[in-house]
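Trainee: Handing you this structure, nothing more for now.
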Amino acid sequence: MTIMRSIGVLAHPLRPYTFPLAESIAESLRQHDIATWVYTDWEESDVEDAVRQTQMIVAIGGDGAMLRAARVSARHRVPVLGINMGQLGFLTEINGMGDWENALKRLIDDDFWIEKRMMIRAQHIRDGEVLLYSDALNDVVISANVFGKMIHLDCHIDADWATTYSADALVVSSATGSTAYALSLGGPILPPNLNNILIVPAAPHLSMERPIVLAEGSQVEITPTSRNRNKIVLTADGTQLGNVVFGDVIRVQASEFVSSFVRLRGRNYFYRSLLDRLEPRYQRTYAEQHTIANTNQKVQTTTMFEDHNDKTGSETKSSSANSD
């Protein structure tokens, strides 16, 4: 049984409305004799030492807060519990302070499980040397530095040339990222426990337009062609890493780090959670009611028609009998 002795709290540094909740959660932890600390305005380097010595992180915000917390926590194998105060909250587990007390009780009772998710690593290589690298939970994006400008990229998969993309951007994502930018581009939805990389072009023009799901363990290398007239930038989970020029190589593969998330729901939660966000319940309810109403109307019409036929049939039989 895991005994909770230390839990850190990270508010979203760009969302001040998450700060009071962070302080309230920290206070409730202290009341249960759980050591804690709180950061509201922070960078990854600010919290590195604190995270290293913590059993669990509570991240407050939306998916942006989860991405920030996951990157720093994965390096130290510390799981993250997300509290949604954003919009969608694909990665979060509970909603606001109203669910916190019950969640805390379950944490203390060791009534939870840890979900593991693959991260991807992007390396920016120039003249054979790695200029920089970054781990991402969602995706790595190579795009023009001006929205709507086309770029041309050669794509190699496991060292073999695959295709040349002419598109606004190229998204290389993890299974987790398949419900982010890649989803808006028409990419497939991958269960988060898969360790596959997904490639999806944005607004491709006269080039490969279908998304590609790679085999587990595959490596992708993206290189700008000499045809580019627009500056190209590299981003990881929405953070711009630098400019990419002709001759550079962007290598993407599975990271050595894995993100861990605290889950209180059942292990098959993903599909229900996904559909609740992609297909809001009120829309389904309306559709279901509309379907039921139509079905009832059809049943009623059929019954009336059958009654009419029965009545007509009876009258016909009576007329025949009278004529006899």
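Each chain in the structure tokens gets a letter, A, B, ..., in the order shown, and its residues are numbered from 1; ligands are numbered from 1 in order too.
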Residues within 12 Å of range 15-27 of chain A, please, as a PyMOL selection string. Count only C-alpha atoms; anything in the same chain fewer than 6 positions from it doesn't count.

Mentor: chain A and resi 6-9+33-42+57-62+64-65+82-86+95-101+103-104

Trainee: Mind dumping a table of every range 13-129 of chain A residue within 10 Å of range 213-228 of chain A, with the nearest atom pair and its distance in Å to one decimal, using only C-alpha atoms, sorted by chain and rising number, as a Markdown table?

Mentor:
```
| residue | atom | partner | partner_atom | distance |
| --- | --- | --- | --- | --- |
| A:Ala122 | CA | A:Val220 | CA | 9.5 |
| A:Gln123 | CA | A:Glu221 | CA | 9.4 |
| A:His124 | CA | A:Ile222 | CA | 9.8 |
| A:Ile125 | CA | A:Thr223 | CA | 9.8 |
```

Trainee: May I have the residues within 7 Å of range 164-173 of chain A as an NGL selection string, using only C-alpha atoms and disregarding those fewer than 2 positions away in the same chain?

Mentor: :A and (138-144 or 148-155 or 175 or 177-178 or 182 or 197-205 or 207-208)

Trainee: Could you check the closest approach to Tyr269 in chain A for each of A:Val51, A:Pro191, A:Met119, A:Asp109 and tell me which residue wins, using only C-alpha atoms?

Mentor: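 The closest residue to Tyr269 in chain A is A:Pro191.
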
Trainee: If you run DSSP on this backbone, which residues of range 100-262 of chain A come out as strand (DSSP E or B), and could you give them as a VMD selection string?

Mentor: chain A and resid 113 to 126 129 to 136 139 to 144 151 to 157 160 to 167 169 to 173 198 to 202 212 to 213 220 to 224 232 to 236 239 to 244 249 to 262

Trainee: Between A:Ile114, A:Leu137, A:Leu14, A:Leu81, which is the closest to Met56 in chain A once you count only C-alpha atoms?

Mentor: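 Selected residue with least distance to Met56 in chain A: A:Leu81.
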
Trainee: Have a look at A:Asn196, A:Ser273, A:Gln253, A:Asn268 and name the one nearest to Ile212 in chain A; count only C-alpha atoms.

Mentor: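 Using only C-alpha atoms, the shortest distance to Ile212 in chain A belongs to A:Asn196.
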
Trainee: Between CA of Arg265 in chain A and CA of Phe112 in chain A, what is the spacing in Å?

Mentor: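 Rounded to one decimal, the two atoms are 8.0 Å apart.
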
Trainee: As a VMD selection string, please: every residue in range 11-166 of chain A that DSSP puts in helix (DSSP H, G or I).

Mentor: chain A and resid 16 to 31 44 to 52 63 to 74 97 to 108

Trainee: Using only C-alpha atoms, pick whichever of A:Leu131, A:Met118, A:Leu241, A:Val233 has the shortest atom-to-atom distance to Asn195 in chain A.

Mentor: A:Met118

Trainee: To one decimal in Å, tell me the separation between CA of Ala70 in chain A and CA of Ala136 in chain A.

Mentor: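 One can read the CA of Ala70 in chain A to CA of Ala136 in chain A distance as 9.0 Å.
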